[in-house]
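Beneath this line is the structure, given in structure tokens, with notes to follow.
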Amino acid sequence: MVALLLSKRQVEPPPPGFIRLTGKWDCVDVVGGEYRVCNNVWGSGSGVGEQVVDVDPSSTHFKVVKTTHNSRNVAAYPFVYKGCHWGHCTRNSGFPVKVKELRAARSSWRISVERVEGTWNAAYDIWFSVKGAADPTGGAELMIWINRGGGAGPAGRKVATVEIGGITWDVYFANMSWNYIAYLAKEPLTSVDLDVKAFIDDSVSRGFIDPEWFLDAIEAGFEIWRDGSGLETFSFSANVEGS
């Protein structure tokens, strides 16, 4: 029985060439610093547990290989990003860029959620600040939920339903110490190629994002409340153009 319990706790070694993240705030630059992957166990309180993420530094591929989370709130958001995240900017990213000067913003993301148990989402987290990346406070958080499990749902209240890029999205809004906007896909997706600027423009038209604010980063990952082992990003890309 002891041997069986130990085997359940053990995690297979990472694939050759992969880097393993185990610390709450562990991050690693990938693709020569063009992108960055973070473990990001940011939750607090009971139910926030251990998390292990394996990362291929030659690509944007990462996998959540173990969690022990069992939280009523979000325990972690393992993610990949391009841009500036709390003082660390990826190489030659083009971020931050003022919203009113944004000419284009696109991103593609391919994931696997097959046989993943627990409560979680697969979502973009796109950050806007009032003063720019050097002071990433206030502003807005724009999430794009492409998949979810275990009854996970956005914060705030539903304010609209829109079609962007041929996909139908429910729009949620909450005012925290920043504006929270979430676009929830009506049907679950595992691969997207998004015109991110179209989501930003929609939020600007609703008064949720100020054109004078700065787009600081495009992030994509998995908010995890409970379990979530097996969540995997195969590929991610993001690009912006300013005037």
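Identifiers in the structure tokens: chain A, B, ... in order shown; residue index from 1 per chain; ligand index from 1 in order shown.
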
Check range 26-189 of chain A with DSSP on the backbone and list each residue it calls helix (DSSP H, G or I), as a ChimeraX atom specification.
/A:31-33,99-101

Sort by chain and increasing residue number a table of all residues of range 144-240 of chain A within 7 Å of range 127-140 of chain A, each with its closest pair of atoms and their distance in Å to one decimal, counting only C-alpha atoms, and write it as a Markdown table.
```
| residue | atom | partner | partner_atom | distance |
| --- | --- | --- | --- | --- |
| A:Ser177 | CA | A:Gly138 | CA | 6.3 |
| A:Trp178 | CA | A:Gly138 | CA | 4.8 |
| A:Asn179 | CA | A:Ala140 | CA | 4.4 |
| A:Tyr180 | CA | A:Ala140 | CA | 5.9 |
| A:Ile209 | CA | A:Ala140 | CA | 6.5 |
| A:Trp213 | CA | A:Val130 | CA | 4.7 |
| A:Phe214 | CA | A:Phe128 | CA | 5.3 |
| A:Leu215 | CA | A:Phe128 | CA | 4.6 |
| A:Asp216 | CA | A:Phe128 | CA | 5.6 |
| A:Ala217 | CA | A:Trp127 | CA | 5.6 |
| A:Ile218 | CA | A:Trp127 | CA | 6.8 |
```

From the list A:Ala155, A:Asp202, A:Leu194, A:Ala122, which residue is nearest Met176 in chain A when using only C-alpha atoms?
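Selected residue with least distance to Met176 in chain A: A:Ala155.
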
A:Leu231, A:Leu21, A:Ala75, A:Ala152: which is nearest Ile111 in chain A, counting only C-alpha atoms?
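Going through A:Leu231, A:Leu21, A:Ala75, A:Ala152 one by one, the smallest distance to Ile111 in chain A is for A:Leu231.
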
When you count only C-alpha atoms, which of these residues is closest to His61 in chain A: A:Asp29, A:Glu223, A:Glu241, A:Asp170?
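Selected residue with least distance to His61 in chain A: A:Asp29.
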
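Proximity of A:Ala220, A:Val41, A:Val159, A:Val204 to Trp145 in chain A, computed with only C-alpha atoms, is greatest for A:Ala220.
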
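Proximity to Glu114 in chain A was assessed for A:Met143, A:Val74, A:Leu189, A:Ala182 counting only C-alpha atoms; the smallest distance is recorded for A:Leu189.
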
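Among A:Gly151, A:Cys89, A:Val55, A:Lys63, the residue with the shortest atom-to-atom distance to Gly33 in chain A, counting only C-alpha atoms, is A:Cys89.
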
Could you list, as a PyMOL selection string, every residue within 8 Å of range 232-234 of chain A, counting only C-alpha atoms and ignoring same-chain residues fewer than 5 positions away?
chain A and resi 60-64+109-113+221

Output file for the selection above: N, CA and C atoms, as a PDB file, in the first residue's frame:
```pdb
ATOM      1  N   THR A  60       7.284  27.147 -27.496  1.00  0.00           N
ATOM      2  CA  THR A  60       6.353  27.645 -26.483  1.00  0.00           C
ATOM      3  C   THR A  60       5.537  26.506 -25.875  1.00  0.00           C
ATOM      4  N   HIS A  61       6.019  25.288 -26.023  1.00  0.00           N
ATOM      5  CA  HIS A  61       5.330  24.089 -25.541  1.00  0.00           C
ATOM      6  C   HIS A  61       5.546  23.929 -24.036  1.00  0.00           C
ATOM      7  N   PHE A  62       4.447  23.818 -23.283  1.00  0.00           N
ATOM      8  CA  PHE A  62       4.578  23.493 -21.864  1.00  0.00           C
ATOM      9  C   PHE A  62       3.386  22.658 -21.421  1.00  0.00           C
ATOM     10  N   LYS A  63       3.590  21.893 -20.329  1.00  0.00           N
ATOM     11  CA  LYS A  63       2.553  20.993 -19.843  1.00  0.00           C
ATOM     12  C   LYS A  63       2.512  21.018 -18.324  1.00  0.00           C
ATOM     13  N   VAL A  64       1.308  21.085 -17.769  1.00  0.00           N
ATOM     14  CA  VAL A  64       1.109  20.949 -16.320  1.00  0.00           C
ATOM     15  C   VAL A  64       1.113  19.449 -16.022  1.00  0.00           C
ATOM     16  N   TRP A 109      -3.005  29.989 -30.707  1.00  0.00           N
ATOM     17  CA  TRP A 109      -2.775  29.159 -29.522  1.00  0.00           C
ATOM     18  C   TRP A 109      -3.381  27.786 -29.772  1.00  0.00           C
ATOM     19  N   ARG A 110      -2.601  26.752 -29.521  1.00  0.00           N
ATOM     20  CA  ARG A 110      -3.083  25.373 -29.687  1.00  0.00           C
ATOM     21  C   ARG A 110      -2.832  24.608 -28.400  1.00  0.00           C
ATOM     22  N   ILE A 111      -3.875  23.964 -27.876  1.00  0.00           N
ATOM     23  CA  ILE A 111      -3.796  23.338 -26.559  1.00  0.00           C
ATOM     24  C   ILE A 111      -4.339  21.911 -26.598  1.00  0.00           C
ATOM     25  N   SER A 112      -4.126  21.189 -25.490  1.00  0.00           N
ATOM     26  CA  SER A 112      -4.787  19.912 -25.251  1.00  0.00           C
ATOM     27  C   SER A 112      -5.391  19.938 -23.853  1.00  0.00           C
ATOM     28  N   VAL A 113      -6.655  19.527 -23.758  1.00  0.00           N
ATOM     29  CA  VAL A 113      -7.325  19.395 -22.459  1.00  0.00           C
ATOM     30  C   VAL A 113      -7.914  17.988 -22.319  1.00  0.00           C
ATOM     31  N   GLY A 221      -2.784  30.858 -20.884  1.00  0.00           N
ATOM     32  CA  GLY A 221      -2.493  29.771 -19.955  1.00  0.00           C
ATOM     33  C   GLY A 221      -3.758  29.197 -19.353  1.00  0.00           C
TER      34      GLY A 221
END
```

Computed interatomic separation between CA of Lys100 in chain A and CA of Pro211 in chain A (Å)
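CA of Lys100 in chain A sits 4.7 Å away from CA of Pro211 in chain A.
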
Interatomic distance, CA of Asn70 in chain A to CA of Cys27 in chain A (Å, one decimal):
22.9 Å

If we count only C-alpha atoms and set the cut-off at 9 Å, which residues sit around Val28 in chain A, ignoring sequence neighbours fewer than 2 positions away in its own chain? Please answer as a short mmCIF file (atom, residue, chain, number, x, y, z; two decimals) with C-alpha atoms, in the first residue's frame.
```cif
data_model
loop_
_atom_site.label_atom_id
_atom_site.label_comp_id
_atom_site.auth_asym_id
_atom_site.auth_seq_id
_atom_site.Cartn_x
_atom_site.Cartn_y
_atom_site.Cartn_z
CA ILE A 19 13.04 22.36 -18.09
CA LEU A 21 9.36 24.45 -13.01
CA ASP A 26 9.57 29.95 -11.39
CA VAL A 30 11.93 30.35 -24.30
CA GLY A 33 13.79 35.17 -24.92
CA TYR A 35 8.55 34.41 -25.01
CA ARG A 36 8.53 33.43 -21.33
CA VAL A 37 6.76 30.63 -19.45
CA CYS A 38 5.85 30.93 -15.75
CA VAL A 55 8.73 23.50 -20.53
CA PRO A 57 12.83 26.11 -24.02
#
```

Any chance you could list, as a PyMOL selection string, the residues in range 12-199 of chain A that come up strand (DSSP E) when DSSP is run on the backbone?
chain A and resi 19-21+27-30+35-38+51-55+62-67+79-85+88-89+97-98+102-112+118-129+140-149+157-164+167-175+179-185+191-195
